[in-house]
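Asker: Here you go, start35.txt (compact mmCIF, C-alpha atoms and all ligand atoms):
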```txt
# COMPACT_ATOMS: atom_id res chain seq x y z
CA MET S 1 -3.04 -23.70 1.77
CA ALA S 2 -0.23 -21.14 1.88
CA ARG S 3 -1.17 -17.73 3.21
CA GLY S 4 -1.24 -14.88 0.71
CA LYS S 5 1.49 -12.28 0.65
CA LEU S 6 1.11 -8.72 1.83
CA PHE S 7 2.52 -6.05 -0.50
CA VAL S 8 2.69 -2.42 0.55
CA LEU S 9 3.03 0.32 -2.03
CA SER S 10 3.93 3.74 -0.73
CA GLY S 11 5.84 6.88 -1.51
CA PRO S 12 5.15 10.61 -1.59
CA SER S 13 1.74 11.77 -2.82
CA GLY S 14 1.78 12.56 -6.51
CA THR S 15 4.07 9.67 -7.43
CA GLY S 16 1.19 7.82 -9.07
CA LYS S 17 0.83 5.00 -6.52
CA GLY S 18 -2.92 5.02 -7.02
CA SER S 19 -2.65 4.60 -10.80
CA ILE S 20 -0.15 1.76 -10.42
CA CYS S 21 -2.49 -0.06 -8.01
CA ARG S 22 -5.52 0.40 -10.26
CA GLU S 23 -3.68 -0.99 -13.29
CA LEU S 24 -2.33 -3.92 -11.31
CA ILE S 25 -5.76 -4.85 -10.02
CA ASN S 26 -7.27 -4.55 -13.51
CA ASP S 27 -4.61 -6.84 -15.00
CA ASN S 28 -4.52 -9.33 -12.18
CA ASN S 29 -7.33 -11.28 -10.55
CA ASP S 30 -5.16 -12.87 -7.90
CA ILE S 31 -4.43 -9.73 -5.94
CA ARG S 32 -6.80 -7.82 -3.70
CA LEU S 33 -6.61 -4.12 -2.99
CA SER S 34 -7.44 -3.11 0.56
CA ILE S 35 -9.81 -0.18 0.93
CA SER S 36 -8.70 2.21 3.65
CA MET S 37 -10.82 4.15 6.05
CA THR S 38 -10.29 7.91 6.24
CA THR S 39 -11.71 10.93 8.01
CA ARG S 40 -10.96 13.23 5.08
CA GLN S 41 -13.79 14.56 2.92
CA PRO S 42 -14.46 12.73 -0.36
CA ARG S 43 -13.08 14.44 -3.47
CA THR S 44 -15.29 14.84 -6.53
CA GLY S 45 -15.93 11.42 -8.05
CA GLU S 46 -14.82 9.45 -5.01
CA GLU S 47 -17.24 6.83 -3.73
CA HIS S 48 -17.71 5.36 -0.27
CA GLY S 49 -16.60 1.72 -0.26
CA VAL S 50 -14.79 2.07 -3.59
CA HIS S 51 -12.00 4.60 -3.04
CA TYR S 52 -12.22 4.79 0.74
CA PHE S 53 -14.59 4.11 3.60
CA PHE S 54 -15.28 7.70 4.60
CA ALA S 55 -15.85 8.00 8.34
CA GLU S 56 -16.40 10.56 11.07
CA ARG S 57 -13.55 11.06 13.51
CA GLU S 58 -15.57 9.40 16.29
CA GLU S 59 -16.09 6.22 14.30
CA PHE S 60 -12.41 6.11 13.37
CA LEU S 61 -11.31 6.55 17.00
CA GLU S 62 -13.68 3.77 18.09
CA LEU S 63 -12.14 1.37 15.57
CA ILE S 64 -8.64 2.28 16.82
CA GLU S 65 -9.83 1.54 20.37
CA ALA S 66 -11.23 -1.82 19.26
CA GLY S 67 -7.89 -2.79 17.65
CA GLY S 68 -9.54 -2.84 14.24
CA PHE S 69 -6.64 -1.42 12.22
CA ILE S 70 -3.45 -3.08 10.96
CA GLU S 71 -1.99 0.42 10.94
CA TYR S 72 -3.23 3.97 10.92
CA ALA S 73 -1.66 7.37 10.56
CA ASP S 74 -2.46 11.04 10.70
CA VAL S 75 -1.70 12.31 7.20
CA TYR S 76 -2.02 16.08 6.69
CA GLY S 77 -4.50 16.38 9.57
CA ASN S 78 -6.77 13.49 8.61
CA PHE S 79 -6.74 9.91 9.84
CA TYR S 80 -6.16 7.07 7.39
CA GLY S 81 -6.11 3.41 8.38
CA THR S 82 -6.14 -0.14 7.02
CA PRO S 83 -9.05 -2.13 8.45
CA LYS S 84 -7.74 -5.44 9.76
CA ALA S 85 -10.59 -7.93 9.25
CA GLN S 86 -10.79 -7.98 5.47
CA VAL S 87 -7.01 -8.13 4.95
CA GLU S 88 -6.66 -11.04 7.41
CA GLN S 89 -9.48 -12.89 5.68
CA TRP S 90 -7.90 -12.51 2.22
CA LEU S 91 -4.42 -13.53 3.41
CA GLU S 92 -5.88 -16.54 5.20
CA ALA S 93 -7.68 -17.55 2.00
CA GLY S 94 -4.31 -17.50 0.19
CA ASP S 95 -4.88 -14.26 -1.74
CA ASP S 96 -2.19 -11.61 -2.10
CA VAL S 97 -3.15 -8.23 -0.71
CA LEU S 98 -1.95 -4.82 -1.81
CA LEU S 99 -1.99 -1.80 0.50
CA GLU S 100 -1.58 1.69 -0.88
CA ILE S 101 -0.63 3.68 2.18
CA ASP S 102 1.75 6.37 3.37
CA VAL S 103 5.30 5.78 4.58
CA GLN S 104 4.49 5.96 8.32
CA GLY S 105 1.83 3.29 7.82
CA ALA S 106 4.13 1.08 5.75
CA LEU S 107 6.73 1.01 8.51
CA GLN S 108 4.06 0.04 11.06
CA VAL S 109 2.95 -2.81 8.78
CA LYS S 110 6.53 -4.09 8.52
CA LYS S 111 6.71 -4.19 12.32
CA SER S 112 3.54 -6.23 12.76
CA PHE S 113 3.98 -8.31 9.57
CA PRO S 114 7.74 -8.76 9.12
CA GLN S 115 7.10 -10.86 6.02
CA SER S 116 5.30 -8.02 4.25
CA ILE S 117 7.02 -6.65 1.17
CA LEU S 118 7.48 -2.88 1.02
CA ILE S 119 7.72 -1.17 -2.35
CA PHE S 120 8.61 2.51 -2.58
CA VAL S 121 7.34 4.44 -5.60
CA LEU S 122 9.63 7.32 -6.54
CA PRO S 123 8.93 10.19 -8.94
CA PRO S 124 11.47 10.62 -11.77
CA SER S 125 12.46 13.97 -10.17
CA ILE S 126 11.33 16.55 -7.63
CA GLU S 127 10.17 18.90 -10.43
CA VAL S 128 8.01 16.18 -11.95
CA LEU S 129 6.47 15.55 -8.53
CA ARG S 130 5.51 19.22 -8.06
CA ASN S 131 4.12 19.42 -11.61
CA ARG S 132 1.98 16.35 -11.01
CA LEU S 133 0.55 17.73 -7.76
CA VAL S 134 -0.24 21.07 -9.42
CA GLY S 135 -1.68 19.35 -12.51
CA ARG S 136 -3.96 17.17 -10.38
CA GLY S 137 -5.75 20.38 -9.42
CA THR S 138 -7.14 18.93 -6.19
CA ASP S 139 -4.98 20.68 -3.61
CA ALA S 140 -4.48 24.31 -2.61
CA GLU S 141 -0.99 25.77 -2.97
CA ASP S 142 -0.19 25.58 0.75
CA VAL S 143 -1.20 21.89 0.75
CA ILE S 144 1.10 21.25 -2.22
CA ASP S 145 3.98 22.99 -0.41
CA ARG S 146 3.34 20.78 2.63
CA ARG S 147 3.22 17.63 0.49
CA MET S 148 6.53 18.61 -1.17
CA ALA S 149 8.24 19.21 2.19
CA ASN S 150 6.92 15.89 3.42
CA ALA S 151 8.11 14.09 0.28
CA ALA S 152 11.73 14.82 1.22
CA ASN S 153 11.18 13.31 4.71
CA GLU S 154 9.45 10.27 3.25
CA ILE S 155 12.22 9.62 0.71
CA GLY S 156 14.60 9.69 3.69
CA LEU S 157 13.03 6.38 4.80
CA LEU S 158 13.71 4.60 1.51
CA GLY S 159 16.37 2.44 3.19
CA SER S 160 13.66 0.60 5.18
CA TYR S 161 12.00 -0.63 1.98
CA ASP S 162 12.56 -3.89 0.11
CA TYR S 163 12.13 -2.53 -3.42
CA MET S 164 11.85 0.78 -5.26
CA VAL S 165 10.17 1.59 -8.55
CA VAL S 166 10.56 4.90 -10.40
CA ASN S 167 7.23 5.90 -11.91
CA ASP S 168 8.21 7.68 -15.09
CA ILE S 169 6.16 5.72 -17.64
CA LEU S 170 3.13 4.21 -15.92
CA GLU S 171 3.03 0.92 -17.82
CA ASP S 172 6.72 0.27 -17.10
CA ALA S 173 6.19 0.93 -13.40
CA VAL S 174 3.17 -1.42 -13.36
CA ALA S 175 5.24 -4.12 -15.08
CA GLU S 176 8.03 -3.69 -12.53
CA VAL S 177 5.67 -4.03 -9.58
CA GLY S 178 4.18 -7.12 -11.29
CA SER S 179 7.68 -8.59 -11.58
CA ILE S 180 8.36 -7.93 -7.90
CA ILE S 181 5.17 -9.79 -6.99
CA ARG S 182 6.11 -12.73 -9.21
CA SER S 183 9.67 -12.86 -7.86
CA GLU S 184 8.40 -12.92 -4.29
CA HIS S 185 6.37 -16.00 -5.18
CA CYS S 186 9.51 -17.74 -6.48
CA LYS S 187 11.49 -16.92 -3.35
CA VAL S 188 12.64 -19.82 -1.20
CA ASP S 189 11.63 -19.53 2.42
CA GLU S 190 12.45 -22.06 5.11
CA GLU S 191 8.91 -23.38 5.49
CA THR S 192 8.38 -23.96 1.75
CA ALA S 193 11.82 -25.54 1.40
CA ASP S 194 11.13 -27.98 4.28
CA ASP S 195 7.77 -28.84 2.79
CA ILE S 196 9.15 -29.56 -0.69
CA ILE S 197 12.20 -31.46 0.60
CA GLY S 198 9.87 -33.55 2.78
CA ARG S 199 7.60 -34.38 -0.15
CA TYR S 200 10.52 -35.43 -2.37
CA LYS S 201 11.82 -37.70 0.36
CA GLU S 202 8.39 -39.32 0.80
CA ASP S 203 7.86 -39.88 -2.91
CA ARG S 204 11.28 -41.38 -3.60
P1 LIG S 301 -5.16 11.05 -0.35
O1 LIG S 301 -5.82 11.97 0.61
O2 LIG S 301 -4.39 11.77 -1.42
O3 LIG S 301 -6.12 10.01 -0.90
O4 LIG S 301 -4.08 10.21 0.47
C1 LIG S 301 -3.10 10.87 1.22
C2 LIG S 301 -2.06 9.86 1.67
O5 LIG S 301 -2.63 8.91 2.58
C3 LIG S 301 -1.47 9.03 0.51
O6 LIG S 301 -0.06 8.99 0.69
C4 LIG S 301 -2.08 7.67 0.73
O7 LIG S 301 -1.22 6.63 0.25
C5 LIG S 301 -2.19 7.63 2.24
N1 LIG S 301 -3.13 6.61 2.70
C6 LIG S 301 -4.26 6.17 2.11
N2 LIG S 301 -4.83 5.19 2.84
C7 LIG S 301 -4.02 4.98 3.91
C8 LIG S 301 -4.05 4.09 5.03
O8 LIG S 301 -4.94 3.25 5.20
N3 LIG S 301 -3.05 4.20 5.92
C9 LIG S 301 -2.03 5.09 5.80
N4 LIG S 301 -1.09 5.09 6.73
N5 LIG S 301 -1.97 5.95 4.76
C10 LIG S 301 -2.94 5.90 3.83
```
Please lay out the structure from this file as structure tokens.
Answerer:
Amino acid sequence: MARGKLFVLSGPSGTGKGSICRELINDNNDIRLSISMTTRQPRTGEEHGVHYFFAEREEFLELIEAGGFIEYADVYGNFYGTPKAQVEQWLEAGDDVLLEIDVQGALQVKKSFPQSILIFVLPPSIEVLRNRLVGRGTDAEDVIDRRMANAANEIGLLGSYDYMVVNDILEDAVAEVGSIIRSEHCKVDEETADDIIGRYKEDR
């Protein structure tokens, strides 16, 4: 069976990556969302094993040591990482996997999985991004300022991505990401082409 495909959705915080992923997963049974591990404190309403695996720093460092992450990054002073085992298992079983991670992590994934597909989610404008972060009401003003400064650096790496989606109207952005996933499945790669050509020759 063909291995699943690895899709990585990233972009500055406040662009609505999380909402896009949630909608995609709800609408689509064939794609799995990886749950990251983090050392940050849970926000109100967040559950262990649903939104993140919340861990102590020690535990996180041990998993790094054991080579248990596909990628990890220090984001605003907390560690975030994608545990390897589950993702490998899904891909091996032929399921597509979606990672919602920051830009540093996405570039690490591309290095270790060159066939991964990187999708950058952009806000419609810088003002909209700030308004969303303020409206979310979860971060102090200095954190918002830091996230805004970082957004400019992250957008600077857009050229390393395969696709970009502007999240203005959520359902349009979800549909665009869905189209990207479908297109990737219609793409001709050398292995699939050889396989199909071979089968046609045999059956003739
Ligand atoms: P938040 O604290 O708002 O949930 O996430 C902060 C940032 O960390 C977001 O940009 C989010 O995409 C990113 N993030 C979440 N999980 C991971 C992960 O496993 N690896 C990396 N590199 N970034 C992550």
Asker: State, in Å with one decimal place, the distance from atom C1 of ligand LIG 301 (chain S) to atom CA of S:Thr82.
Answerer: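 Taking atom C1 of ligand LIG 301 (chain S) and atom CA of S:Thr82, their separation equals 12.8 Å.
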Asker: How far is it from atom CA of S:Ile196 to atom CA of S:Met1, in Å with one decimal?
Answerer: 13.7 Å
Asker: In Å to one decimal, how far is atom CA of S:Asp145 from atom CA of S:Met37?
Answerer: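 Those two atoms sit 24.8 Å apart.
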Asker: Kindly provide, as a PyMOL selection string, all nucleotide and amino acid residues lying within 8 Å of ligand LIG 301 (chain S), counting all atoms listed in the file.
Answerer: chain S and resi 9-13+17-18+35-38+40+52+71-76+79-83+99-106
Asker: Residues near S:Ile119, anyone? I mean within 8 Å using all atoms listed in the file, not counting same-chain ones fewer than 3 positions away, as a PDB file with C-alpha atoms, in the frame of the given file.
Answerer:
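Output file around.pdb follows:
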```
ATOM      1  CA  PHE S   7       2.520  -6.050  -0.500  1.00  0.00           C
ATOM      2  CA  VAL S   8       2.690  -2.420   0.550  1.00  0.00           C
ATOM      3  CA  LEU S   9       3.030   0.320  -2.030  1.00  0.00           C
ATOM      4  CA  SER S  10       3.930   3.740  -0.730  1.00  0.00           C
ATOM      5  CA  TYR S 161      12.000  -0.630   1.980  1.00  0.00           C
ATOM      6  CA  ASP S 162      12.560  -3.890   0.110  1.00  0.00           C
ATOM      7  CA  TYR S 163      12.130  -2.530  -3.420  1.00  0.00           C
ATOM      8  CA  MET S 164      11.850   0.780  -5.260  1.00  0.00           C
ATOM      9  CA  VAL S 165      10.170   1.590  -8.550  1.00  0.00           C
TER      10      VAL S 165
END
```
Asker: Between S:Gly77, S:Gly4, S:Pro124, S:Gly68, single out the one closest to S:Val143, counting all atoms listed in the file.
Answerer: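 Among the listed residues, the smallest separation from S:Val143 belongs to S:Gly77.
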Asker: If we count all atoms listed in the file, what is near S:Val166 at a cut-off of 7 Å, once residues fewer than 5 positions away on the same chain are taken out, given as a ChimeraX atom specification?
Answerer: /S:121-124,173
Asker: Compare S:Glu88, S:Asp194, S:Glu171, S:Asp95 by their minimum atom-to-atom distance to S:Leu24, counting only C-alpha atoms, and give me the closest one.
Answerer: S:Glu171
Asker: Given only C-alpha atoms as the basis, pick out the residue of S:Leu107, S:Leu63, S:Leu157, S:Leu33 nearest to S:Val50.
Answerer: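 Closest candidate: S:Leu33.
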Asker: What box, with edges along x, y and z, holds each listed atom of stretch 1-4 of chain S when 4 Å is added on every side, and can you state its centre and edge lengths in Å to one decimal, as AutoDock Vina command-line options?
Answerer:
```
--center_x -1.6 --center_y -19.3 --center_z 2.0 --size_x 10.8 --size_y 16.8 --size_z 10.5
```
Asker: Which one of S:Lys5, S:Gly135, S:Ile126, S:Ser19 sits closest to S:Ile169 if you count all atoms listed in the file?
Answerer: S:Ser19
Asker: Go through S:Ala2, S:Ala85, S:Val128, S:Val97 one by one, measure the shortest atom-to-atom distance of each to S:Asp195 using only C-alpha atoms, and give the residue with the smallest value.
Answerer: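 Looking only at the distances to S:Asp195, the closest residue turns out to be S:Ala2.
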Asker: Calculated over only C-alpha atoms, which of the candidates S:Ala66, S:Arg3, S:Phe120, S:Glu58 has the smallest distance to S:Glu176?
Answerer: S:Phe120
Asker: List the residues sitting within 10 Å of (-16.7, 6.3, 5.7) in the file's frame, using all atoms listed in the file, as a tab-separated table (two decimals) with C-alpha atoms, in the frame of the given file.
Answerer:
```tsv
chain	number	residue	atom	x	y	z
S	36	SER	CA	-8.70	2.21	3.65
S	37	MET	CA	-10.82	4.15	6.05
S	38	THR	CA	-10.29	7.91	6.24
S	39	THR	CA	-11.71	10.93	8.01
S	40	ARG	CA	-10.96	13.23	5.08
S	41	GLN	CA	-13.79	14.56	2.92
S	42	PRO	CA	-14.46	12.73	-0.36
S	47	GLU	CA	-17.24	6.83	-3.73
S	48	HIS	CA	-17.71	5.36	-0.27
S	49	GLY	CA	-16.60	1.72	-0.26
S	52	TYR	CA	-12.22	4.79	0.74
S	53	PHE	CA	-14.59	4.11	3.60
S	54	PHE	CA	-15.28	7.70	4.60
S	55	ALA	CA	-15.85	8.00	8.34
S	56	GLU	CA	-16.40	10.56	11.07
S	57	ARG	CA	-13.55	11.06	13.51
S	59	GLU	CA	-16.09	6.22	14.30
S	60	PHE	CA	-12.41	6.11	13.37
```
Asker: Could you give me stretch 133-144 of chain S completed to all heavy atoms, formatted as a PDB file, keeping the file's coordinate frame?
Answerer:
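This went into result_32.pdb:
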```
ATOM      1  N   LEU S 133       1.468  17.285  -8.816  1.00  0.00           N
ATOM      2  CA  LEU S 133       0.550  17.730  -7.760  1.00  0.00           C
ATOM      3  C   LEU S 133      -0.238  18.949  -8.220  1.00  0.00           C
ATOM      4  O   LEU S 133      -1.437  19.060  -7.984  1.00  0.00           O
ATOM      5  CB  LEU S 133       1.329  18.066  -6.476  1.00  0.00           C
ATOM      6  CG  LEU S 133       1.912  16.873  -5.713  1.00  0.00           C
ATOM      7  CD1 LEU S 133       2.755  17.344  -4.542  1.00  0.00           C
ATOM      8  CD2 LEU S 133       0.802  15.961  -5.207  1.00  0.00           C
ATOM      9  N   VAL S 134       0.439  19.865  -8.924  1.00  0.00           N
ATOM     10  CA  VAL S 134      -0.240  21.070  -9.420  1.00  0.00           C
ATOM     11  C   VAL S 134      -1.255  20.651 -10.492  1.00  0.00           C
ATOM     12  O   VAL S 134      -2.415  21.065 -10.471  1.00  0.00           O
ATOM     13  CB  VAL S 134       0.794  22.082  -9.989  1.00  0.00           C
ATOM     14  CG1 VAL S 134       0.091  23.239 -10.682  1.00  0.00           C
ATOM     15  CG2 VAL S 134       1.708  22.598  -8.879  1.00  0.00           C
ATOM     16  N   GLY S 135      -0.832  19.782 -11.398  1.00  0.00           N
ATOM     17  CA  GLY S 135      -1.680  19.350 -12.510  1.00  0.00           C
ATOM     18  C   GLY S 135      -2.923  18.614 -12.058  1.00  0.00           C
ATOM     19  O   GLY S 135      -3.955  18.667 -12.716  1.00  0.00           O
ATOM     20  N   ARG S 136      -2.826  17.928 -10.904  1.00  0.00           N
ATOM     21  CA  ARG S 136      -3.960  17.170 -10.380  1.00  0.00           C
ATOM     22  C   ARG S 136      -5.115  18.106 -10.040  1.00  0.00           C
ATOM     23  O   ARG S 136      -6.275  17.713 -10.088  1.00  0.00           O
ATOM     24  CB  ARG S 136      -3.455  16.442  -9.127  1.00  0.00           C
ATOM     25  CG  ARG S 136      -4.234  15.283  -8.694  1.00  0.00           C
ATOM     26  CD  ARG S 136      -3.379  14.302  -7.914  1.00  0.00           C
ATOM     27  NE  ARG S 136      -3.139  14.730  -6.533  1.00  0.00           N
ATOM     28  CZ  ARG S 136      -2.681  13.905  -5.581  1.00  0.00           C
ATOM     29  NH1 ARG S 136      -2.415  12.654  -5.863  1.00  0.00           N
ATOM     30  NH2 ARG S 136      -2.475  14.354  -4.367  1.00  0.00           N
ATOM     31  N   GLY S 137      -4.742  19.350  -9.655  1.00  0.00           N
ATOM     32  CA  GLY S 137      -5.750  20.380  -9.420  1.00  0.00           C
ATOM     33  C   GLY S 137      -6.659  20.130  -8.225  1.00  0.00           C
ATOM     34  O   GLY S 137      -7.714  20.737  -8.104  1.00  0.00           O
ATOM     35  N   THR S 138      -6.251  19.236  -7.312  1.00  0.00           N
ATOM     36  CA  THR S 138      -7.140  18.930  -6.190  1.00  0.00           C
ATOM     37  C   THR S 138      -6.704  19.614  -4.899  1.00  0.00           C
ATOM     38  O   THR S 138      -7.452  19.640  -3.936  1.00  0.00           O
ATOM     39  CB  THR S 138      -7.188  17.399  -5.926  1.00  0.00           C
ATOM     40  OG1 THR S 138      -5.848  16.916  -5.872  1.00  0.00           O
ATOM     41  CG2 THR S 138      -7.947  16.674  -7.009  1.00  0.00           C
ATOM     42  N   ASP S 139      -5.488  20.135  -4.861  1.00  0.00           N
ATOM     43  CA  ASP S 139      -4.980  20.680  -3.610  1.00  0.00           C
ATOM     44  C   ASP S 139      -4.624  22.157  -3.735  1.00  0.00           C
ATOM     45  O   ASP S 139      -4.118  22.595  -4.765  1.00  0.00           O
ATOM     46  CB  ASP S 139      -3.716  19.916  -3.188  1.00  0.00           C
ATOM     47  CG  ASP S 139      -3.997  18.450  -2.894  1.00  0.00           C
ATOM     48  OD1 ASP S 139      -4.995  18.184  -2.211  1.00  0.00           O
ATOM     49  OD2 ASP S 139      -3.235  17.600  -3.367  1.00  0.00           O
ATOM     50  N   ALA S 140      -4.859  22.902  -2.645  1.00  0.00           N
ATOM     51  CA  ALA S 140      -4.480  24.310  -2.610  1.00  0.00           C
ATOM     52  C   ALA S 140      -2.949  24.402  -2.562  1.00  0.00           C
ATOM     53  O   ALA S 140      -2.270  23.423  -2.237  1.00  0.00           O
ATOM     54  CB  ALA S 140      -5.082  24.966  -1.375  1.00  0.00           C
ATOM     55  N   GLU S 141      -2.443  25.617  -2.865  1.00  0.00           N
ATOM     56  CA  GLU S 141      -0.990  25.770  -2.970  1.00  0.00           C
ATOM     57  C   GLU S 141      -0.260  25.445  -1.664  1.00  0.00           C
ATOM     58  O   GLU S 141       0.799  24.811  -1.677  1.00  0.00           O
ATOM     59  CB  GLU S 141      -0.672  27.209  -3.382  1.00  0.00           C
ATOM     60  CG  GLU S 141       0.636  27.304  -4.131  1.00  0.00           C
ATOM     61  CD  GLU S 141       0.838  28.699  -4.687  1.00  0.00           C
ATOM     62  OE1 GLU S 141      -0.119  29.270  -5.249  1.00  0.00           O
ATOM     63  OE2 GLU S 141       1.948  29.223  -4.524  1.00  0.00           O
ATOM     64  N   ASP S 142      -0.875  25.850  -0.522  1.00  0.00           N
ATOM     65  CA  ASP S 142      -0.190  25.580   0.750  1.00  0.00           C
ATOM     66  C   ASP S 142      -0.150  24.073   1.023  1.00  0.00           C
ATOM     67  O   ASP S 142       0.811  23.552   1.583  1.00  0.00           O
ATOM     68  CB  ASP S 142      -0.852  26.331   1.913  1.00  0.00           C
ATOM     69  CG  ASP S 142      -2.303  25.944   2.105  1.00  0.00           C
ATOM     70  OD1 ASP S 142      -2.992  25.680   1.099  1.00  0.00           O
ATOM     71  OD2 ASP S 142      -2.747  25.877   3.272  1.00  0.00           O
ATOM     72  N   VAL S 143      -1.188  23.351   0.575  1.00  0.00           N
ATOM     73  CA  VAL S 143      -1.200  21.890   0.750  1.00  0.00           C
ATOM     74  C   VAL S 143      -0.101  21.263  -0.111  1.00  0.00           C
ATOM     75  O   VAL S 143       0.623  20.371   0.330  1.00  0.00           O
ATOM     76  CB  VAL S 143      -2.595  21.291   0.396  1.00  0.00           C
ATOM     77  CG1 VAL S 143      -2.584  19.773   0.495  1.00  0.00           C
ATOM     78  CG2 VAL S 143      -3.675  21.882   1.297  1.00  0.00           C
ATOM     79  N   ILE S 144       0.048  21.776  -1.325  1.00  0.00           N
ATOM     80  CA  ILE S 144       1.100  21.250  -2.220  1.00  0.00           C
ATOM     81  C   ILE S 144       2.478  21.493  -1.604  1.00  0.00           C
ATOM     82  O   ILE S 144       3.319  20.594  -1.578  1.00  0.00           O
ATOM     83  CB  ILE S 144       0.986  21.885  -3.628  1.00  0.00           C
ATOM     84  CG1 ILE S 144      -0.283  21.367  -4.306  1.00  0.00           C
ATOM     85  CG2 ILE S 144       2.227  21.565  -4.478  1.00  0.00           C
ATOM     86  CD1 ILE S 144      -0.598  21.957  -5.649  1.00  0.00           C
TER      87      ILE S 144
END
```
